[in-house]
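Visitor: Attaching a single structure in structure tokens format; questions to follow.
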Amino acid sequence: MEETIKVMVADESHLSYVDEILDTIEKAAKIRGTGIAKRSPEYVKQKMLEGKAVIALFGDMFAGFCYIESWSNKQFVANSGLIVVDTFRGHGLAKRIKKFAFDLSRKKFPGAKLFGLTTGAAVMKINNELGYRPVTFSELTDDEAFWKGCESCINYDVLKRTNRKMCLCTGMLFDPAVDTEPIS
């Protein structure tokens, strides 16, 4: 199945998938009981129009998604909103999407540190394979706009209570100045 799923940069032709993407992300977060920063349809559309989103399609069926955000004057970049539709799980699609987003991020922001926050073991494993390493939150962006995005997460109280020193998420970082690029 994975060969027939196309992973590509999302653009204007994919705007019709925005509601389905956001619904899929929200449902997955509820099922897993994990936190996730919510994004508006307008925000996701803008990411597509800027060439900062990755979409996976099986024919014209939505299969997966991820988007790119830059912070701290483009010194930090996050690949966020990674989601794979249940039907397409178990075929390595999340890894393909994440690798595509990683490569797109490195191309668009070659000197930036790539980072992410996650509670998911599968995403941690993928990040590790891409060369990310676990870090303390103090090594991540100090951009207030990024941390404001965490306010919509169900675990925000933990982050707030600890003055952004820790949360249920694990912070992971790829610093091109010190970390090794993944092979293939």
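In the structure tokens, chains take the letters A, B, ... in the order shown, each chain's residues start at 1, and ligands count up from 1 in the order shown.
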Output as JSON lines one row per residue of stretch 69-161 of chain A within 6 Å of stretch 62-65 of chain A: the closest atom pair and its distance in Å to one decimal place, counting only C-alpha atoms, sorted by chain and residue number ascending.
Guide:
{"residue": "A:Leu82", "atom": "CA", "partner": "A:Phe65", "partner_atom": "CA", "distance": 5.6}
{"residue": "A:Ile83", "atom": "CA", "partner": "A:Gly64", "partner_atom": "CA", "distance": 5.3}
{"residue": "A:Val84", "atom": "CA", "partner": "A:Gly64", "partner_atom": "CA", "distance": 4.2}
{"residue": "A:Val85", "atom": "CA", "partner": "A:Ala63", "partner_atom": "CA", "distance": 5.2}
Visitor: Mind checking which residues fall within 10 Å of A:Tyr17, counting only C-alpha atoms, ignoring those fewer than 6 positions away in the same chain, and posting them as a tab-separated table (two decimals) with N, CA and C atoms, in the first residue's frame?
Guide:
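Writing the result to selection.tsv gives the following:
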chain	number	residue	atom	x	y	z
A	10	ALA	N	2.01	20.17	0.22
A	10	ALA	CA	0.63	20.60	0.02
A	10	ALA	C	0.62	22.00	-0.60
A	41	PRO	N	-8.55	26.46	10.86
A	41	PRO	CA	-8.52	26.14	9.43
A	41	PRO	C	-7.71	27.17	8.64
A	44	VAL	N	-3.91	26.42	8.93
A	44	VAL	CA	-3.48	25.28	8.12
A	44	VAL	C	-3.52	25.64	6.63
A	45	LYS	N	-4.54	26.37	6.21
A	45	LYS	CA	-4.60	26.81	4.81
A	45	LYS	C	-3.38	27.67	4.47
A	55	ILE	N	1.36	16.67	2.69
A	55	ILE	CA	0.13	15.89	2.68
A	55	ILE	C	0.41	14.54	2.01
A	60	ASP	N	-7.35	10.20	-4.31
A	60	ASP	CA	-7.79	11.50	-3.80
A	60	ASP	C	-8.24	11.42	-2.35
A	61	MET	N	-7.95	10.29	-1.69
A	61	MET	CA	-8.29	10.12	-0.27
A	61	MET	C	-7.17	10.67	0.61
A	62	PHE	N	-7.55	11.46	1.61
A	62	PHE	CA	-6.60	11.98	2.58
A	62	PHE	C	-6.04	10.83	3.41
A	65	PHE	N	-0.73	13.95	7.15
A	65	PHE	CA	-0.42	15.38	7.09
A	65	PHE	C	0.61	15.76	8.14
Visitor: Applying 12 Å and only C-alpha atoms, which residues near A:Lys52 remain after dropping the ones on its own chain fewer than 3 positions away? List them as a PyMOL selection string.
Guide: chain A and resi 8-12+43-49+55+65-70+77-81+100-109
Visitor: Write down as a PyMOL selection string the residues belonging to stretch 76-137 of chain A that are assigned strand (DSSP E or B) by DSSP computed on the backbone.
Guide: chain A and resi 76-84+113-118+133-135
Visitor: In Å, with one decimal, what is the gap from atom CA of A:Leu173 to atom CA of A:Ser138?
Guide: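 Pair atom CA of A:Leu173 / atom CA of A:Ser138 returns 11.3 Å.
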Visitor: Measure the distance from atom CA of A:Leu15 to atom CA of A:Phe146 in Å and round it to one decimal.
Guide: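 Taking atom CA of A:Leu15 and atom CA of A:Phe146, their separation equals 23.9 Å.
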Visitor: How far is it from atom CA of A:Ala112 to atom CA of A:Leu57, in Å with one decimal?
Guide: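 We find that atom CA of A:Ala112 and atom CA of A:Leu57 lie 28.4 Å from each other.
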Visitor: Mind listing the alpha helix (DSSP H) residues of chain A, per DSSP on the backbone, as number ranges by chain?
Guide: A: 18-32, 41-49, 93-108, 121-129, 144-148, 156-161
Visitor: Those residues with C-alpha atoms, as a PDB file, in the first residue's frame please?
Guide:
ATOM      1  CA  VAL A  18      -8.252  21.193   5.693  1.00  0.00           C
ATOM      2  CA  ASP A  19     -11.418  20.351   7.658  1.00  0.00           C
ATOM      3  CA  GLU A  20     -10.745  16.621   7.335  1.00  0.00           C
ATOM      4  CA  ILE A  21      -7.146  17.120   8.496  1.00  0.00           C
ATOM      5  CA  LEU A  22      -8.191  19.082  11.574  1.00  0.00           C
ATOM      6  CA  ASP A  23     -11.007  16.632  12.405  1.00  0.00           C
ATOM      7  CA  THR A  24      -8.593  13.693  12.121  1.00  0.00           C
ATOM      8  CA  ILE A  25      -6.046  15.375  14.411  1.00  0.00           C
ATOM      9  CA  GLU A  26      -8.692  16.233  17.010  1.00  0.00           C
ATOM     10  CA  LYS A  27     -10.251  12.748  17.005  1.00  0.00           C
ATOM     11  CA  ALA A  28      -6.854  11.066  17.336  1.00  0.00           C
ATOM     12  CA  ALA A  29      -5.920  13.278  20.291  1.00  0.00           C
ATOM     13  CA  LYS A  30      -9.207  12.457  22.046  1.00  0.00           C
ATOM     14  CA  ILE A  31      -8.823   8.708  21.468  1.00  0.00           C
ATOM     15  CA  ARG A  32      -5.249   8.706  22.788  1.00  0.00           C
ATOM     16  CA  PRO A  41      -8.516  26.138   9.432  1.00  0.00           C
ATOM     17  CA  GLU A  42      -7.095  29.484   8.295  1.00  0.00           C
ATOM     18  CA  TYR A  43      -3.724  28.661   9.863  1.00  0.00           C
ATOM     19  CA  VAL A  44      -3.481  25.275   8.119  1.00  0.00           C
ATOM     20  CA  LYS A  45      -4.599  26.814   4.814  1.00  0.00           C
ATOM     21  CA  GLN A  46      -1.865  29.436   5.133  1.00  0.00           C
ATOM     22  CA  LYS A  47       0.736  26.714   5.711  1.00  0.00           C
ATOM     23  CA  MET A  48      -0.390  25.020   2.505  1.00  0.00           C
ATOM     24  CA  LEU A  49      -0.266  28.252   0.527  1.00  0.00           C
ATOM     25  CA  LEU A  93       3.424   6.389   6.430  1.00  0.00           C
ATOM     26  CA  ALA A  94       4.059   8.544   9.510  1.00  0.00           C
ATOM     27  CA  LYS A  95       7.790   7.999   9.055  1.00  0.00           C
ATOM     28  CA  ARG A  96       7.576   8.903   5.346  1.00  0.00           C
ATOM     29  CA  ILE A  97       5.640  12.098   6.113  1.00  0.00           C
ATOM     30  CA  LYS A  98       7.976  13.074   8.951  1.00  0.00           C
ATOM     31  CA  LYS A  99      11.081  12.416   6.799  1.00  0.00           C
ATOM     32  CA  PHE A 100       9.574  14.469   3.958  1.00  0.00           C
ATOM     33  CA  ALA A 101       8.821  17.331   6.392  1.00  0.00           C
ATOM     34  CA  PHE A 102      12.328  17.028   7.875  1.00  0.00           C
ATOM     35  CA  ASP A 103      13.925  17.292   4.418  1.00  0.00           C
ATOM     36  CA  LEU A 104      11.636  20.181   3.422  1.00  0.00           C
ATOM     37  CA  SER A 105      12.506  21.989   6.666  1.00  0.00           C
ATOM     38  CA  ARG A 106      16.248  21.504   6.089  1.00  0.00           C
ATOM     39  CA  LYS A 107      15.852  22.864   2.535  1.00  0.00           C
ATOM     40  CA  LYS A 108      13.762  25.901   3.527  1.00  0.00           C
ATOM     41  CA  ALA A 121       6.342   6.879  21.561  1.00  0.00           C
ATOM     42  CA  ALA A 122       6.001   6.322  17.795  1.00  0.00           C
ATOM     43  CA  VAL A 123       6.856   9.967  17.034  1.00  0.00           C
ATOM     44  CA  MET A 124       9.776   9.848  19.484  1.00  0.00           C
ATOM     45  CA  LYS A 125      11.088   6.767  17.668  1.00  0.00           C
ATOM     46  CA  ILE A 126      10.747   8.451  14.261  1.00  0.00           C
ATOM     47  CA  ASN A 127      12.410  11.636  15.543  1.00  0.00           C
ATOM     48  CA  ASN A 128      15.265   9.585  16.996  1.00  0.00           C
ATOM     49  CA  GLU A 129      15.765   7.835  13.646  1.00  0.00           C
ATOM     50  CA  GLU A 144       6.430  33.374  23.227  1.00  0.00           C
ATOM     51  CA  ALA A 145       4.245  32.748  20.170  1.00  0.00           C
ATOM     52  CA  PHE A 146       5.312  29.092  20.129  1.00  0.00           C
ATOM     53  CA  TRP A 147       4.570  28.539  23.809  1.00  0.00           C
ATOM     54  CA  LYS A 148       1.237  30.363  23.488  1.00  0.00           C
ATOM     55  CA  TYR A 156      -1.008  23.147  29.592  1.00  0.00           C
ATOM     56  CA  ASP A 157      -1.449  23.388  33.365  1.00  0.00           C
ATOM     57  CA  VAL A 158       1.667  21.229  33.847  1.00  0.00           C
ATOM     58  CA  LEU A 159       3.738  23.430  31.549  1.00  0.00           C
ATOM     59  CA  LYS A 160       2.482  26.591  33.257  1.00  0.00           C
ATOM     60  CA  ARG A 161       2.943  25.234  36.773  1.00  0.00           C
TER      61      ARG A 161
END
Visitor: Write out as a ChimeraX atom specification the residues lying within 9 Å of A:Glu139, counting only C-alpha atoms and excluding same-chain residues fewer than 3 positions away.
Guide: /A:135-136,142,171,173
Visitor: Only N, CA and C atoms, please: the residues just picked out, written as a CSV table (one decimal), in the first residue's frame.
Guide:
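Now in selection_5.csv:
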chain,number,residue,atom,x,y,z
A,135,VAL,N,15.9,16.7,24.7
A,135,VAL,CA,16.5,17.8,25.3
A,135,VAL,C,15.6,18.4,26.4
A,136,THR,N,16.1,19.3,27.2
A,136,THR,CA,15.3,20.0,28.2
A,136,THR,C,14.6,21.1,27.4
A,142,ASP,N,12.6,30.1,22.7
A,142,ASP,CA,12.0,30.9,23.8
A,142,ASP,C,10.9,31.9,23.2
A,171,GLY,N,10.7,17.0,24.8
A,171,GLY,CA,11.2,17.9,23.8
A,171,GLY,C,12.3,17.2,23.0
A,173,LEU,N,15.2,17.6,19.7
A,173,LEU,CA,15.9,18.7,18.9
A,173,LEU,C,16.9,18.0,17.9
Visitor: Given only C-alpha atoms as the basis, pick out the residue of A:Gly131, A:Gly149, A:Gly51, A:Gly92 nearest to A:Val178.
Guide: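 Smallest separation from A:Val178 among the options: A:Gly131.
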Visitor: May I ask which of the residues A:Leu130, A:Val54, A:Ile5, A:Leu114 is the closest one to A:Ala177, counting only C-alpha atoms?
Guide: A:Leu114
